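Enquirer: Mind looking over this structure? Questions follow.
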Amino acid sequence: MMQTVTLKIDGTPVRATKGSSVLDAALECGICIPHLCHVPSLKDTGACRICIVENVRNGGSSVTASCTLTAQEGMVIRTNTEKIRKLRHNIAEMLVAQAPNSKAVQDVAVRCGVKEVRYPFRNDNCIQCGRCVRYCTEMWRANALGFVGRGKNRRVEFPFATRPEFCKNCGSCTLYCPMSVTPCGGPMKRGEESLCGKCESQTVMTPGMIGACVRCDLGKGFQCTRHVL
Amino acid sequence: MPKLNHCSDLEALRQKLQEDRKCIQSTIIIPNGTCCQASNSPAVINAIRKELARQGIDKNVQVHLTGCHGFCEQEPMILFEPGNLIYCHVTPEDAKEIVARTVKNGEIIDRLLYTDPVSGKKFRTETEIPFYQAQDRQLLAYNKWVDPCSIEDYIAVGGYKALAKTLTGIAPKTVIEEIKSSGLRGRGGGGFPTGRKWAEARSVPEDEKYVVCNADEGDPGAYMDRCVLESNPHLVIEGMMIGAWAVGARQGYIYVRNEYPLAVQHARLAVKRARELGLLGENILGSPFSFDVDVARGGGAFVCGESTALMTSLEGKVGEPRPKDIHTVKEGLWNKPSVLNNVETWANVPSIIVNGSGWFASKGTKGSKGTKIFALTGQVKNTGLVEIAMGTTLHDIIFKIGGGPKNGKAIKAVQTGGPSGGCLPVSKFDIPVDFDTLYETGSMMGSGGMVVMDEGTCMVDVAKYFLKFLQDESCGKCVPCRVGVDRMLEIVTDITEGRGSREQISLLQELAETVAETSLCGLGKTASNPVLSTMRYFADEYAAHVDEKRCPAGVCKELIHYDILAEKCTGCGVCLRSCPYDAIKGVKKKVHAIEEQICLKCGICVTECKYDAIAVG
């Protein structure tokens with residue numbers, strides 16, 4: 001028999017497999033926590049921080065990413081407090097200002113309630129979620145992609161910037177890239193980026209994936225705009 | 001030297017070494033740490049040695065090279081024992097006179113004595129100098145007596161006594177209890193109780209455990225860990241051995257940054273010498289305890305000072321932090337329980353074991369015990385390493401030890417804790433320096449950097465400097481730190497360049513709070529401290545930049561302009577000749593003028609003008 005732990009998410013007792021993350025536990029029982037860099041069956045790194053939750057303990061609470069938080073017996077998690085909604089909104093705003101061209105990022109931002117962006121837009125082609133790198137490394141064990149550089153100069157790159165022989169040409173990296181979903185009406189021109197807010201893309205990539213948006217009722221938790229629309 | 005197989009062997013060796021040292025009549029101590037070498041101490045050492053040989057007394061006088069003595073402002077220094085006489089700013093040319101007069105005849109050379117910049121008095125001995133007098137030097141006191149390359153020196157001053165005491169009669173649990181009751185807290189910044197950390201690591205049922213020493217000190221303006229490790233590496237190793245005994249580890253690592261070549265060299269040598277004596281290796285001093293230390297070099301990433309990033313780097317991977325929801329004492333290096341403490345914390349352990357926890361706990365405040373080393377730098381007269389008991393006020397450190405402002409300008413703020421810390425204004429100078437008080441006032445202890453700033457410093461510019469540093473040093477893994485710090489820098493740059501608005505200030509505040517709450521590791525969580533603390537205490541400066549487009553300190557180039565005051569200008573033409581952009585026009589003996597379109601605000605004319613005729617506005 002599989003070992004389970006019971007934790008409370010937004011007041012609801014939830015049973016989860018021992019060792020699974022809080023994000024998985026929540027998604028499995030239908031509590032929608034928005035997420036971006038998480039890919040089921042890959043190891044989570046907590047890079048995008050969209051899936052932050054409040055972990056209540058010792059009379060206080062700490063904000064942490066739910067994808068890297070292992071579910072433990074008796075844990076109390078809150079996913080939709082005022083504070084979390086605000087922080088999540090701010091992170092989504094930062095992301096969409098970095099990469100307004102991505103349908104997936106726009107989608108996440110709009111769902112997190114971003115209506116206007118207070119920063120100048122940049123047209124980055126990568127938000128460094130690391131989905132491609134992790135898929136290549138963990139799923140195919142190809143190690144054909146990796147991060148190079150630090151801070152602002154960090155980027156995804158082939159080893160020594162040339163495609164290696166051991167790249168299996170599988171195309172998973174592009175399939176899993178949130179930037180590769182065709183943006184609405186073609187790429188926006190530099191300086192003319194806007195958030196239409198009407199974008200109804202399935203949040204990212206593989207249909208049927210846990211957490212993919214199906215205009216459900218579950219987004220109430222973080223006041224999902226898709227739900228309100 | 002034969003291996004030490006029992007504690008009595010160590011004691012016998014210590015007795016012998018101490019006897020040997022009694023025969024030495026006089027010693028010249030020359031500090032030769034990295035900072036001393038930068039101020040030309042090797043040339044002084046060579047000159048003194050040559051001179052001693054030339055005058056034929058090199059047999060009677062011992063030249064002793066030690067680590068930094070703390071008073072970096074006055075280097076190169078020479079100390080004479082017995083007598084405790086101290087000379088400052090010694091040059092190689094002084095060697096002849098020093099040997100002939102002081103060493104041979106015991107005369108004192110007046111011009112080489114230390115002159116107190118506050119009172120103008122001259123002092124002969126180290127104990128009289130106010131800089132040393134106001135301190136409580138426990139860890140740094142050893143530096144004077146110990147040659148970092150010699151394990152014999154360390155044993156002679158009582159080294160490895162704590163280890164022998166531990167191995168012969170203190171159970172691991174008792175060691176942890178002792179550390180717990182001493183109240184020692186991590187000197188690396190967070191101030192986590194060391195005893196609790198050790199107890200947690202001990203309680204994990206794993207065979208393989210590690211102890212790690214964090215010597216990856218990267219804060220701008222801080223160098224106390226470097227000083228301790230390069231001046232007295234055995235003290236750190238002994239501390240690690242006691243820690244390893246307490247938690248049950250067999251392997252230790254010293255993670256030291258490669259930019260500290262002397263520290264790397266001394267640490268490696270110390271490990272080698274300790275192995276030769278059997279103090280590291282199998283069955284240390286005949287006990288069942290086995291332990292070894294390896295020195296690992298860091299590649300110079302600031303983020304590798306963060307515990308999880310350091311361990312990832314030690315494992316040979318890219319030094320990026322990982323989520324810390326499970327503590328490193330449970331799953332650290334290679335997913336084994338690991339105790340990570342910084343250099344100063346380890347260095348404090350042996351004296352707690354030898355003198356007892358009560359001795360350590362008698363110093364300091366309620367929540368923070370013992371002494372702490374700070375690197376006092378910036379606009380104060382006396383800069384250097386300062387060791388004080390916790391709870392000493394900022395005022396005492398800056399004015400009593402530091403000697404007050406350097407250039408006559410009033411002191412405005414002090415920045416503690418490096419890029420993770422904050423800036424405290426003069427009104428907070430009466431607070432006692434300890435972990436909790438500093439945290440409450442919006443700064444933090446950090447590893448112990450203390451940068452003093454005067455009226456000539458623009459606080460918005462300071463925030464910009466630290467953001468630039470953090471933007472370069474962020475690993476880039478998580479969004480709030482990589483993008484957030486970058487955006488904060490963008491906003492602060494806008495403010496310093498006159499494009500700021502009120503909305504941007506509130507956005508900056510909100511952004512800073514978001515970054516602090518949601519970042520993955522300690523670097524991001526504290527990255528907004530410089531911004532938040534300057535906004536809290538120097539809101540008027542932000543307001544002046546935004547509302548009046550004016551920089552009160554006259555630092556932000558886009559917001560200042562230079563004017564020649566007609567009543568002071570004599571028309572000497574110095575500024576005209578020195579201006580690299582030909583922005584100053586005028587004829588001899590007539591008042592000059594600056595053409596604003598051409599002026600690039602380099603400030604050369606201000607420093608060149610002898611009549612203070614150029615005003616910054």
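Residues in the structure tokens are named by chain (A, B, ... in the order shown) and by number from 1 within that chain; ligands are numbered from 1 in the order shown.
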As an mmCIF file with C-alpha atoms, in the first residue's frame, please: all residues of region 343-484 of chain B that backbone DSSP puts in strand (DSSP E or B).
Expert:
data_model
loop_
_atom_site.group_PDB
_atom_site.id
_atom_site.type_symbol
_atom_site.label_atom_id
_atom_site.label_comp_id
_atom_site.auth_asym_id
_atom_site.auth_seq_id
_atom_site.Cartn_x
_atom_site.Cartn_y
_atom_site.Cartn_z
ATOM 1 C CA GLY B 364 27.826 40.106 24.901
ATOM 2 C CA LYS B 369 27.126 36.166 23.119
ATOM 3 C CA THR B 371 32.866 38.774 20.490
ATOM 4 C CA LYS B 372 32.529 39.569 16.810
ATOM 5 C CA ILE B 373 35.054 40.816 14.299
ATOM 6 C CA PHE B 374 34.033 43.678 12.035
ATOM 7 C CA ALA B 375 35.829 45.108 9.041
ATOM 8 C CA LEU B 376 35.599 48.826 9.648
ATOM 9 C CA THR B 377 36.071 50.702 6.394
ATOM 10 C CA GLY B 378 34.905 53.858 4.674
ATOM 11 C CA VAL B 380 36.667 56.916 9.274
ATOM 12 C CA GLY B 384 40.907 47.866 9.965
ATOM 13 C CA LEU B 385 39.645 44.770 11.692
ATOM 14 C CA VAL B 386 37.856 45.415 14.936
ATOM 15 C CA GLU B 387 36.930 42.742 17.458
ATOM 16 C CA ILE B 388 34.386 43.820 20.038
ATOM 17 C CA ALA B 389 32.073 42.216 22.519
ATOM 18 C CA THR B 393 27.188 50.555 20.332
ATOM 19 C CA PRO B 405 35.043 61.145 10.305
ATOM 20 C CA ILE B 411 29.140 61.042 9.280
ATOM 21 C CA LYS B 412 25.727 60.267 7.842
ATOM 22 C CA ALA B 413 25.242 56.515 7.887
ATOM 23 C CA VAL B 414 26.839 53.150 8.336
ATOM 24 C CA GLN B 415 26.234 50.183 6.100
ATOM 25 C CA THR B 416 26.415 46.873 7.910
ATOM 26 C CA GLY B 422 21.177 47.856 5.266
ATOM 27 C CA CYS B 423 22.164 51.441 5.941
ATOM 28 C CA LEU B 424 21.593 52.856 9.408
ATOM 29 C CA PRO B 425 21.430 56.616 9.996
ATOM 30 C CA PRO B 432 23.908 47.934 20.608
ATOM 31 C CA GLY B 449 31.343 44.421 7.027
ATOM 32 C CA MET B 450 30.900 47.965 8.278
ATOM 33 C CA VAL B 451 31.187 50.761 5.764
ATOM 34 C CA VAL B 452 30.991 54.276 7.203
ATOM 35 C CA MET B 453 29.618 57.006 4.963
ATOM 36 C CA ASP B 454 29.718 60.759 5.347
#
Enquirer: Which residues are close to region 57-65 of chain A, i.e. within 10 Å by only C-alpha atoms, leaving aside same-chain residues fewer than 5 positions away? Reply as an MDAnalysis selection string.
Expert: (chainID A and resid 21:23 35 44:52 74:79 83:84 87) or (chainID B and resid 323:325 516:520)
Enquirer: Counting only C-alpha atoms, which residues in chain B sit no more than 8 Å from chain A? For each one, give the nearest pair of atoms and the distance in Å, sorted by chain then residue number, as a tab-separated table.
Expert:
residue	atom	partner	partner_atom	distance
B:Arg322	CA	A:Thr45	CA	7.2
B:Pro323	CA	A:Thr68	CA	6.5
B:Asp325	CA	A:Leu69	CA	6.3
B:Gln471	CA	A:Gly151	CA	6.2
B:Asp472	CA	A:Gly151	CA	5.8
B:Glu473	CA	A:Gly151	CA	6.2
B:Ser474	CA	A:Gly151	CA	4.7
B:Cys475	CA	A:Gly151	CA	4.7
B:Gly476	CA	A:Gly151	CA	3.9
B:Lys477	CA	A:Ala47	CA	5.7
B:Cys478	CA	A:Ala47	CA	4.2
B:Val479	CA	A:Cys48	CA	5.3
B:Pro480	CA	A:Ile91	CA	6.6
B:Arg482	CA	A:Gly151	CA	5.9
B:Val483	CA	A:Met94	CA	6.8
B:Gly484	CA	A:Met94	CA	7.1
B:Asp486	CA	A:Lys152	CA	7.7
B:Arg487	CA	A:Tyr119	CA	7.8
B:Leu511	CA	A:Asn90	CA	7.3
B:Thr514	CA	A:Leu87	CA	5.7
B:Glu517	CA	A:Val63	CA	6.3
B:Thr518	CA	A:Val63	CA	6.3
B:Ser519	CA	A:Arg49	CA	7.6
B:Leu520	CA	A:Gly46	CA	7.3
Enquirer: Please write the residues from the selection above to a file, keeping C-alpha atoms, as a PDB file, in the first residue's frame.
Expert:
ATOM      1  CA  ARG B 322      18.479  24.668  -4.238  1.00  0.00           C
ATOM      2  CA  PRO B 323      15.226  24.880  -2.291  1.00  0.00           C
ATOM      3  CA  ASP B 325      12.592  23.476   2.741  1.00  0.00           C
ATOM      4  CA  GLN B 471      22.549  41.958 -10.347  1.00  0.00           C
ATOM      5  CA  ASP B 472      26.004  40.756 -11.371  1.00  0.00           C
ATOM      6  CA  GLU B 473      26.188  38.159  -8.623  1.00  0.00           C
ATOM      7  CA  SER B 474      22.660  36.723  -8.699  1.00  0.00           C
ATOM      8  CA  CYS B 475      22.858  33.201 -10.075  1.00  0.00           C
ATOM      9  CA  GLY B 476      19.829  33.884 -12.253  1.00  0.00           C
ATOM     10  CA  LYS B 477      17.915  30.765 -11.356  1.00  0.00           C
ATOM     11  CA  CYS B 478      14.704  32.260  -9.956  1.00  0.00           C
ATOM     12  CA  VAL B 479      12.608  35.042 -11.419  1.00  0.00           C
ATOM     13  CA  PRO B 480      12.267  37.440  -8.444  1.00  0.00           C
ATOM     14  CA  ARG B 482      17.101  37.750 -11.607  1.00  0.00           C
ATOM     15  CA  VAL B 483      14.348  39.948 -13.025  1.00  0.00           C
ATOM     16  CA  GLY B 484      13.364  41.738  -9.827  1.00  0.00           C
ATOM     17  CA  ASP B 486      17.337  44.022 -12.515  1.00  0.00           C
ATOM     18  CA  ARG B 487      14.083  45.998 -12.472  1.00  0.00           C
ATOM     19  CA  LEU B 511       8.971  45.262  -5.908  1.00  0.00           C
ATOM     20  CA  THR B 514       8.097  40.947  -3.517  1.00  0.00           C
ATOM     21  CA  GLU B 517       9.346  37.395   0.102  1.00  0.00           C
ATOM     22  CA  THR B 518       9.485  35.142  -2.914  1.00  0.00           C
ATOM     23  CA  SER B 519      13.124  34.571  -3.826  1.00  0.00           C
ATOM     24  CA  LEU B 520      14.570  31.099  -3.703  1.00  0.00           C
TER      25      LEU B 520
END
Enquirer: Let's see if you can do this: from backbone DSSP, list all helix (DSSP H, G or I) residues in region 14-210 of chain A, as an NGL selection string.
Expert: :A and (22-28 or 82-98 or 103-111 or 131-139 or 151-153 or 159-161 or 172-175)
Enquirer: Excluding Pro117 (chain B) and any residue of its chain fewer than 2 positions from it, enumerate the residues within 8 Å of it, using only C-alpha atoms, and give them as JSON, numbers by chain.
Expert: {"B": [115, 119, 120, 121, 381, 403]}
Enquirer: Find the residues near region 163-175 of chain A: any atom within 6 Å, counting only C-alpha atoms, skip ones fewer than 5 places away on the same chain, and give them as a PyMOL selection string.
Expert: chain A and resi 132+144+158
Enquirer: For the residues in the current selection, export N, CA and C atoms as a compact mmCIF listing (two decimals), in the first residue's frame.
Expert:
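Result went into out.txt, see below:
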# COMPACT_ATOMS: atom_id res chain seq x y z
N CYS A 132 13.17 23.04 -20.90
CA CYS A 132 13.90 22.35 -21.97
C CYS A 132 15.11 21.62 -21.41
N ALA A 144 22.11 17.60 -23.70
CA ALA A 144 22.54 18.41 -24.83
C ALA A 144 22.32 19.89 -24.58
N PHE A 158 23.78 25.12 -25.95
CA PHE A 158 24.42 23.83 -26.18
C PHE A 158 25.81 23.87 -25.56
